>>> print(open('final.cif').read())   # mmCIF, C-alpha atoms
data_model
loop_
_atom_site.label_atom_id
_atom_site.label_comp_id
_atom_site.auth_asym_id
_atom_site.auth_seq_id
_atom_site.Cartn_x
_atom_site.Cartn_y
_atom_site.Cartn_z
CA MET A 1 23.32 2.15 -4.53
CA GLY A 2 24.54 2.86 -1.00
CA GLY A 3 21.06 4.06 -0.02
CA LEU A 4 19.49 0.86 -1.27
CA ARG A 5 21.91 -1.24 0.74
CA GLY A 6 21.25 0.88 3.85
CA VAL A 7 17.48 0.54 3.57
CA ILE A 8 17.74 -3.21 3.02
CA GLU A 9 20.12 -3.60 5.99
CA LEU A 10 17.75 -1.61 8.20
CA ALA A 11 14.80 -3.70 7.07
CA ILE A 12 16.74 -6.88 7.87
CA LEU A 13 17.79 -5.58 11.30
CA GLU A 14 14.24 -4.57 12.20
CA GLU A 15 12.90 -7.86 10.78
CA HIS A 16 10.72 -6.12 8.18
CA TYR A 17 12.58 -7.28 5.07
CA ALA A 18 10.22 -10.12 4.13
CA ARG A 19 7.30 -7.69 4.13
CA LEU A 20 9.16 -4.69 2.62
CA ARG A 21 11.21 -6.36 -0.09
CA ARG A 22 8.76 -5.62 -2.91
CA PRO A 23 8.08 -1.93 -1.93
CA ILE A 24 11.84 -1.28 -1.62
CA ILE A 25 12.50 -2.71 -5.08
CA GLN A 26 9.57 -0.78 -6.57
CA TRP A 27 10.86 2.41 -4.98
CA TRP A 28 14.32 2.00 -6.46
CA ILE A 29 13.02 1.09 -9.90
CA ALA A 30 10.79 4.17 -9.84
CA TRP A 31 13.76 6.28 -8.69
CA VAL A 32 16.03 5.05 -11.49
CA VAL A 33 13.35 5.59 -14.16
CA SER A 34 12.57 9.05 -12.75
CA TYR A 35 16.27 9.92 -12.77
CA VAL A 36 16.78 8.77 -16.37
CA VAL A 37 13.69 10.62 -17.66
CA SER A 38 14.71 13.79 -15.77
CA ILE A 39 18.24 13.72 -17.20
CA PHE A 40 16.86 13.17 -20.71
CA ALA A 41 14.42 16.08 -20.21
CA ILE A 42 17.26 18.35 -19.08
CA VAL A 43 19.37 17.38 -22.09
CA THR A 44 16.53 18.10 -24.51
CA SER A 45 15.65 21.42 -22.87
CA PHE A 46 18.10 23.27 -25.13
CA ALA A 47 15.87 22.78 -28.19
CA THR A 48 14.96 25.93 -30.10
CA ASP A 49 12.46 24.66 -32.67
CA VAL A 50 8.75 24.31 -31.94
CA GLN A 51 8.69 20.50 -32.06
CA GLY A 52 11.74 20.27 -29.79
CA ILE A 53 10.11 22.53 -27.21
CA ALA A 54 6.89 20.46 -27.37
CA ASN A 55 8.87 17.24 -26.95
CA ASN A 56 10.71 18.71 -23.98
CA THR A 57 7.42 19.80 -22.41
CA MET A 58 6.09 16.25 -22.66
CA LEU A 59 9.32 14.84 -21.21
CA MET A 60 9.07 17.27 -18.27
CA VAL A 61 5.48 16.15 -17.63
CA PHE A 62 6.61 12.52 -17.59
CA ALA A 63 9.56 13.44 -15.35
CA TYR A 64 7.15 15.02 -12.85
CA LEU A 65 4.84 12.00 -13.00
CA PHE A 66 7.72 9.58 -12.36
CA ALA A 67 8.94 11.82 -9.53
CA ALA A 68 5.47 11.69 -7.95
CA ALA A 69 5.44 7.90 -8.32
CA THR A 70 8.84 7.77 -6.62
CA VAL A 71 7.57 9.87 -3.71
CA ALA A 72 4.54 7.58 -3.37
CA ALA A 73 6.80 4.53 -3.41
CA VAL A 74 9.12 5.92 -0.74
CA ALA A 75 6.06 6.79 1.36
CA ARG A 76 4.99 3.12 1.18
CA VAL A 77 8.47 2.04 2.32
CA PHE A 78 8.35 4.55 5.19
CA GLU A 79 4.89 3.36 6.22
CA GLY A 80 6.17 -0.20 6.12
CA PHE A 81 8.80 0.69 8.70
CA GLU A 82 6.41 2.66 10.90
CA ARG A 83 3.41 0.34 10.80
CA LYS A 84 3.66 -2.79 12.84
CA PRO A 85 1.89 -5.88 11.50
CA VAL A 86 -1.12 -6.98 13.51
CA ALA A 87 -1.87 -10.62 14.10
CA ARG A 88 -4.93 -11.72 12.19
CA PRO A 89 -7.94 -12.36 14.40
CA ALA A 90 -8.87 -15.96 14.97
CA HIS A 91 -12.04 -17.22 13.33
CA ARG A 92 -14.61 -18.25 15.86
CA TRP A 93 -17.02 -20.98 14.86
CA VAL A 94 -20.31 -21.69 16.60
CA VAL A 95 -21.56 -25.24 16.53
CA VAL A 96 -25.34 -25.53 16.33
CA GLU A 97 -27.46 -28.63 16.16
CA PRO A 98 -29.26 -28.97 12.83
CA ASP A 99 -33.04 -28.58 12.79
CA ARG A 100 -34.84 -31.89 12.81
CA PRO A 101 -38.25 -32.19 11.17
CA GLY A 102 -39.90 -34.10 14.05
CA ARG A 103 -38.67 -31.74 16.74
CA PRO A 104 -40.85 -28.81 17.88
CA ALA A 105 -39.52 -25.32 17.23
CA ALA A 106 -38.32 -23.22 20.15
CA PRO A 107 -41.06 -21.02 21.62
CA ALA A 108 -40.95 -17.43 20.43
CA SER A 109 -40.39 -14.82 23.10
CA SER A 110 -43.36 -12.54 23.57
CA ALA A 111 -41.53 -10.10 25.89
CA PRO A 112 -40.64 -6.76 24.25
CA VAL A 113 -36.96 -6.15 23.54
CA GLU A 114 -37.08 -2.37 24.03
CA LEU A 115 -37.00 -0.73 27.42
CA GLU A 116 -40.24 0.73 28.71
CA GLY A 117 -41.00 4.08 27.10
CA GLN A 118 -38.79 3.53 24.06
CA GLU A 119 -39.87 3.28 20.45
CA PRO A 120 -39.51 -0.12 18.81
CA ALA A 121 -36.40 -0.62 16.71
CA ALA A 122 -36.90 -0.14 13.00
#
>>> encode(input="final.cif", output="C-alpha coordinates")
Amino acid sequence: MGGLRGVIELAILEEHYARLRRPIIQWWIAWVVSYVVSIFAIVTSFATDVQGIANNTMLMVFAYLFAAATVAAVARVFEGFERKPVARPAHRWVVVEPDRPGRPAAPASSAPVELEGQEPAA
(Lines of atoms letter the chains of each structure in order from A and count residues from 1; the text may use other names and numbers.)
(Lines give C-alpha, C1' and ligand atoms only; values in the text may rest on other atoms or scores of the structure.)
Protein backbone atom coordinates (compact mmCIF):
# COMPACT_ATOMS: atom_id res chain seq x y z
CA MET A 1 0.00 0.00 0.00
CA GLY A 2 3.04 2.28 0.09
CA GLY A 3 2.77 2.82 -3.67
CA LEU A 4 -0.85 3.86 -3.37
CA ARG A 5 0.00 6.39 -0.68
CA GLY A 6 2.87 7.75 -2.79
CA VAL A 7 0.70 8.20 -5.87
CA ILE A 8 -2.04 9.89 -3.84
CA GLU A 9 0.49 12.21 -2.15
CA LEU A 10 1.97 13.14 -5.52
CA ALA A 11 -1.48 13.82 -6.94
CA ILE A 12 -2.28 16.05 -3.96
CA LEU A 13 1.03 17.93 -4.27
CA GLU A 14 0.54 18.53 -7.98
CA GLU A 15 -3.12 19.46 -7.40
CA HIS A 16 -4.43 16.63 -9.60
CA TYR A 17 -6.09 14.56 -6.88
CA ALA A 18 -9.66 15.75 -7.48
CA ARG A 19 -9.38 14.71 -11.12
CA LEU A 20 -7.32 11.53 -10.58
CA ARG A 21 -9.01 10.04 -7.53
CA ARG A 22 -11.24 7.65 -9.48
CA PRO A 23 -8.51 6.40 -11.93
CA ILE A 24 -6.12 5.79 -9.00
CA ILE A 25 -8.72 3.75 -7.13
CA GLN A 26 -9.63 1.81 -10.29
CA TRP A 27 -5.96 1.08 -10.90
CA TRP A 28 -5.43 -0.32 -7.42
CA ILE A 29 -8.60 -2.40 -7.51
CA ALA A 30 -7.52 -3.85 -10.86
CA TRP A 31 -4.05 -4.52 -9.44
CA VAL A 32 -5.38 -6.36 -6.38
CA VAL A 33 -7.78 -8.48 -8.47
CA SER A 34 -5.01 -9.24 -10.97
CA TYR A 35 -2.67 -10.23 -8.13
CA VAL A 36 -5.24 -12.54 -6.50
CA VAL A 37 -6.16 -14.25 -9.80
CA SER A 38 -2.47 -14.69 -10.69
CA ILE A 39 -1.66 -16.25 -7.31
CA PHE A 40 -4.65 -18.59 -7.62
CA ALA A 41 -3.54 -19.55 -11.16
CA ILE A 42 -0.03 -20.32 -9.92
CA VAL A 43 -1.38 -22.45 -7.07
CA THR A 44 -3.59 -24.46 -9.43
CA SER A 45 -0.83 -24.94 -12.01
CA PHE A 46 0.31 -28.14 -10.29
CA ALA A 47 -2.79 -30.04 -11.45
CA THR A 48 -2.15 -33.28 -13.31
CA ASP A 49 -5.64 -34.30 -14.44
CA VAL A 50 -7.22 -33.04 -17.65
CA GLN A 51 -9.90 -30.93 -15.95
CA GLY A 52 -7.35 -29.35 -13.61
CA ILE A 53 -5.14 -28.37 -16.53
CA ALA A 54 -8.15 -26.89 -18.37
CA ASN A 55 -9.17 -24.94 -15.27
CA ASN A 56 -5.62 -23.63 -14.88
CA THR A 57 -5.56 -22.58 -18.53
CA MET A 58 -8.74 -20.55 -18.04
CA LEU A 59 -7.36 -18.99 -14.86
CA MET A 60 -4.18 -17.99 -16.72
CA VAL A 61 -6.27 -16.37 -19.46
CA PHE A 62 -8.18 -14.39 -16.84
CA ALA A 63 -4.91 -13.49 -15.10
CA TYR A 64 -3.56 -12.07 -18.39
CA LEU A 65 -6.80 -10.15 -19.00
CA PHE A 66 -6.72 -8.61 -15.52
CA ALA A 67 -3.03 -7.78 -15.99
CA ALA A 68 -3.87 -5.99 -19.25
CA ALA A 69 -6.67 -4.09 -17.49
CA THR A 70 -4.19 -3.09 -14.78
CA VAL A 71 -1.74 -1.79 -17.39
CA ALA A 72 -4.53 0.20 -19.05
CA ALA A 73 -5.56 1.64 -15.69
CA VAL A 74 -2.02 2.70 -14.79
CA ALA A 75 -1.69 4.28 -18.25
CA ARG A 76 -4.79 6.39 -17.48
CA VAL A 77 -3.24 7.48 -14.17
CA PHE A 78 0.02 8.36 -15.95
CA GLU A 79 -1.85 10.33 -18.62
CA GLY A 80 -3.72 12.13 -15.87
CA PHE A 81 -0.42 13.37 -14.46
CA GLU A 82 1.02 14.30 -17.85
CA ARG A 83 -2.03 15.95 -19.40
CA LYS A 84 -2.89 19.38 -18.14
CA PRO A 85 -6.58 20.30 -18.04
CA VAL A 86 -7.61 22.95 -20.53
CA ALA A 87 -10.11 25.62 -19.65
CA ARG A 88 -13.38 25.11 -21.46
CA PRO A 89 -13.99 27.64 -24.21
CA ALA A 90 -16.56 30.31 -23.49
CA HIS A 91 -19.83 30.11 -25.38
CA ARG A 92 -20.32 33.07 -27.63
CA TRP A 93 -23.88 34.15 -28.30
CA VAL A 94 -24.94 36.38 -31.18
CA VAL A 95 -27.98 38.55 -30.65
CA VAL A 96 -30.07 39.04 -33.78
CA GLU A 97 -33.28 40.96 -34.19
CA PRO A 98 -36.23 38.70 -34.98
CA ASP A 99 -37.77 38.92 -38.45
CA ARG A 100 -40.86 41.09 -38.53
CA PRO A 101 -43.60 40.37 -41.06
CA GLY A 102 -44.06 44.01 -42.16
CA ARG A 103 -40.36 44.66 -42.66
CA PRO A 104 -38.76 44.16 -46.10
CA ALA A 105 -36.13 41.45 -46.41
CA ALA A 106 -32.49 42.44 -46.86
CA PRO A 107 -31.47 42.70 -50.51
CA ALA A 108 -29.65 39.66 -51.82
CA SER A 109 -26.11 40.24 -53.01
CA SER A 110 -25.70 39.68 -56.71
CA ALA A 111 -21.88 39.90 -56.66
CA PRO A 112 -20.11 36.54 -57.09
CA VAL A 113 -18.35 35.14 -54.03
CA GLU A 114 -15.57 33.37 -55.93
CA LEU A 115 -12.51 35.14 -57.24
CA GLU A 116 -12.32 35.76 -60.96
CA GLY A 117 -11.31 32.62 -62.84
CA GLN A 118 -12.35 30.20 -60.10
CA GLU A 119 -15.06 27.57 -60.26
CA PRO A 120 -18.12 28.17 -58.10
CA ALA A 121 -18.17 26.37 -54.77
CA ALA A 122 -20.16 23.16 -54.73
>>> resolve_selection(input="final.cif", expression="the PyMOL selection byres ((chain A and resi 55-70) around 6)", output="list in words")
Trp27, Ala30, Trp31, Ser34, Val37, Ser38, Ala41, Thr44, Ser45, Gly52, Ile53, Ala54, Val71, Ala72 and Ala73 of chain A
>>> atom_distance(input="final.cif", atom1="CA of Pro23 (chain A)", atom2="CA of Val77 (chain A)")
5.8 Å
>>> atom_distance(input="final.cif", atom1="CA of Thr48 (chain A)", atom2="CA of Val36 (chain A)")
22.1 Å
>>> atom_distance(input="final.cif", atom1="CA of Phe40 (chain A)", atom2="CA of Val74 (chain A)")
22.6 Å
>>> closest_residue(input="final.cif", among="A:Asp99, A:Glu114, A:Glu82, A:Glu9", to="Arg21 (chain A)", atoms="all atoms listed in the file")
A:Glu9
>>> resolve_selection(input="final.cif", expression="the PyMOL selection byres ((chain A and resi 22) around 12)", output="JSON, numbers by chain")
{"A": [8, 11, 16, 17, 18, 19, 20, 21, 23, 24, 25, 26, 27, 28, 29, 73, 74, 76, 77, 80]}
>>> decode(input="final.cif", residues="region 41-55 of chain A", atoms="all heavy atoms", output="mmCIF file, in the first residue's frame")
data_model
loop_
_atom_site.group_PDB
_atom_site.id
_atom_site.type_symbol
_atom_site.label_atom_id
_atom_site.label_comp_id
_atom_site.auth_asym_id
_atom_site.auth_seq_id
_atom_site.Cartn_x
_atom_site.Cartn_y
_atom_site.Cartn_z
ATOM 1 N N ALA A 41 -3.940 -18.808 -9.957
ATOM 2 C CA ALA A 41 -3.545 -19.555 -11.158
ATOM 3 C C ALA A 41 -2.220 -20.280 -10.929
ATOM 4 O O ALA A 41 -2.043 -21.420 -11.397
ATOM 5 C CB ALA A 41 -3.437 -18.613 -12.351
ATOM 6 N N ILE A 42 -1.309 -19.656 -10.204
ATOM 7 C CA ILE A 42 -0.026 -20.317 -9.918
ATOM 8 C C ILE A 42 -0.245 -21.517 -8.997
ATOM 9 O O ILE A 42 0.338 -22.587 -9.192
ATOM 10 C CB ILE A 42 0.957 -19.309 -9.305
ATOM 11 C CG1 ILE A 42 1.388 -18.300 -10.370
ATOM 12 C CG2 ILE A 42 2.185 -20.014 -8.734
ATOM 13 C CD1 ILE A 42 2.171 -17.116 -9.829
ATOM 14 N N VAL A 43 -1.107 -21.355 -8.013
ATOM 15 C CA VAL A 43 -1.379 -22.450 -7.075
ATOM 16 C C VAL A 43 -2.019 -23.632 -7.797
ATOM 17 O O VAL A 43 -1.688 -24.792 -7.522
ATOM 18 C CB VAL A 43 -2.278 -21.953 -5.913
ATOM 19 C CG1 VAL A 43 -2.810 -23.104 -5.086
ATOM 20 C CG2 VAL A 43 -1.515 -20.982 -5.035
ATOM 21 N N THR A 44 -2.916 -23.369 -8.730
ATOM 22 C CA THR A 44 -3.593 -24.459 -9.431
ATOM 23 C C THR A 44 -2.791 -24.996 -10.615
ATOM 24 O O THR A 44 -3.252 -25.908 -11.309
ATOM 25 C CB THR A 44 -4.973 -24.008 -9.931
ATOM 26 O OG1 THR A 44 -4.810 -22.923 -10.843
ATOM 27 C CG2 THR A 44 -5.863 -23.596 -8.783
ATOM 28 N N SER A 45 -1.609 -24.484 -10.854
ATOM 29 C CA SER A 45 -0.829 -24.937 -12.011
ATOM 30 C C SER A 45 -0.202 -26.315 -11.787
ATOM 31 O O SER A 45 0.340 -26.891 -12.734
ATOM 32 C CB SER A 45 0.261 -23.924 -12.344
ATOM 33 O OG SER A 45 1.230 -23.900 -11.314
ATOM 34 N N PHE A 46 -0.278 -26.838 -10.573
ATOM 35 C CA PHE A 46 0.313 -28.140 -10.292
ATOM 36 C C PHE A 46 -0.666 -29.284 -10.536
ATOM 37 O O PHE A 46 -0.397 -30.425 -10.170
ATOM 38 C CB PHE A 46 0.824 -28.176 -8.845
ATOM 39 C CG PHE A 46 1.860 -27.118 -8.584
ATOM 40 C CD1 PHE A 46 1.567 -26.027 -7.783
ATOM 41 C CD2 PHE A 46 3.116 -27.192 -9.166
ATOM 42 C CE1 PHE A 46 2.515 -25.056 -7.538
ATOM 43 C CE2 PHE A 46 4.068 -26.217 -8.931
ATOM 44 C CZ PHE A 46 3.765 -25.135 -8.121
ATOM 45 N N ALA A 47 -1.799 -28.994 -11.164
ATOM 46 C CA ALA A 47 -2.794 -30.041 -11.446
ATOM 47 C C ALA A 47 -2.252 -30.996 -12.497
ATOM 48 O O ALA A 47 -1.533 -30.600 -13.413
ATOM 49 C CB ALA A 47 -4.092 -29.405 -11.921
ATOM 50 N N THR A 48 -2.621 -32.266 -12.352
ATOM 51 C CA THR A 48 -2.152 -33.280 -13.310
ATOM 52 C C THR A 48 -3.280 -33.885 -14.121
ATOM 53 O O THR A 48 -3.023 -34.488 -15.157
ATOM 54 C CB THR A 48 -1.410 -34.404 -12.557
ATOM 55 O OG1 THR A 48 -2.275 -34.948 -11.567
ATOM 56 C CG2 THR A 48 -0.144 -33.877 -11.904
ATOM 57 N N ASP A 49 -4.524 -33.736 -13.673
ATOM 58 C CA ASP A 49 -5.640 -34.305 -14.437
ATOM 59 C C ASP A 49 -6.066 -33.328 -15.535
ATOM 60 O O ASP A 49 -5.703 -32.155 -15.528
ATOM 61 C CB ASP A 49 -6.816 -34.649 -13.524
ATOM 62 C CG ASP A 49 -7.357 -33.434 -12.799
ATOM 63 O OD1 ASP A 49 -6.553 -32.556 -12.459
ATOM 64 O OD2 ASP A 49 -8.588 -33.354 -12.583
ATOM 65 N N VAL A 50 -6.823 -33.828 -16.486
ATOM 66 C CA VAL A 50 -7.219 -33.036 -17.652
ATOM 67 C C VAL A 50 -8.066 -31.831 -17.242
ATOM 68 O O VAL A 50 -7.838 -30.712 -17.713
ATOM 69 C CB VAL A 50 -7.977 -33.922 -18.667
ATOM 70 C CG1 VAL A 50 -8.486 -33.094 -19.831
ATOM 71 C CG2 VAL A 50 -7.087 -35.032 -19.167
ATOM 72 N N GLN A 51 -9.036 -32.032 -16.360
ATOM 73 C CA GLN A 51 -9.903 -30.925 -15.952
ATOM 74 C C GLN A 51 -9.110 -29.874 -15.168
ATOM 75 O O GLN A 51 -9.331 -28.677 -15.315
ATOM 76 C CB GLN A 51 -11.072 -31.442 -15.097
ATOM 77 C CG GLN A 51 -12.100 -30.367 -14.779
ATOM 78 C CD GLN A 51 -12.758 -29.797 -16.027
ATOM 79 O OE1 GLN A 51 -13.205 -30.564 -16.883
ATOM 80 N NE2 GLN A 51 -12.808 -28.492 -16.140
ATOM 81 N N GLY A 52 -8.175 -30.293 -14.363
ATOM 82 C CA GLY A 52 -7.348 -29.350 -13.609
ATOM 83 C C GLY A 52 -6.485 -28.497 -14.527
ATOM 84 O O GLY A 52 -6.312 -27.291 -14.304
ATOM 85 N N ILE A 53 -5.945 -29.118 -15.563
ATOM 86 C CA ILE A 53 -5.136 -28.366 -16.531
ATOM 87 C C ILE A 53 -6.011 -27.373 -17.295
ATOM 88 O O ILE A 53 -5.617 -26.227 -17.529
ATOM 89 C CB ILE A 53 -4.411 -29.339 -17.493
ATOM 90 C CG1 ILE A 53 -3.371 -30.152 -16.715
ATOM 91 C CG2 ILE A 53 -3.758 -28.585 -18.638
ATOM 92 C CD1 ILE A 53 -2.750 -31.283 -17.500
ATOM 93 N N ALA A 54 -7.225 -27.796 -17.673
ATOM 94 C CA ALA A 54 -8.146 -26.890 -18.375
ATOM 95 C C ALA A 54 -8.546 -25.723 -17.478
ATOM 96 O O ALA A 54 -8.588 -24.567 -17.927
ATOM 97 C CB ALA A 54 -9.381 -27.660 -18.833
ATOM 98 N N ASN A 55 -8.817 -26.017 -16.209
ATOM 99 C CA ASN A 55 -9.166 -24.940 -15.265
ATOM 100 C C ASN A 55 -8.010 -23.967 -15.106
ATOM 101 O O ASN A 55 -8.198 -22.750 -15.060
ATOM 102 C CB ASN A 55 -9.548 -25.529 -13.905
ATOM 103 C CG ASN A 55 -10.864 -26.267 -13.948
ATOM 104 O OD1 ASN A 55 -11.655 -26.103 -14.874
ATOM 105 N ND2 ASN A 55 -11.096 -27.100 -12.934
#
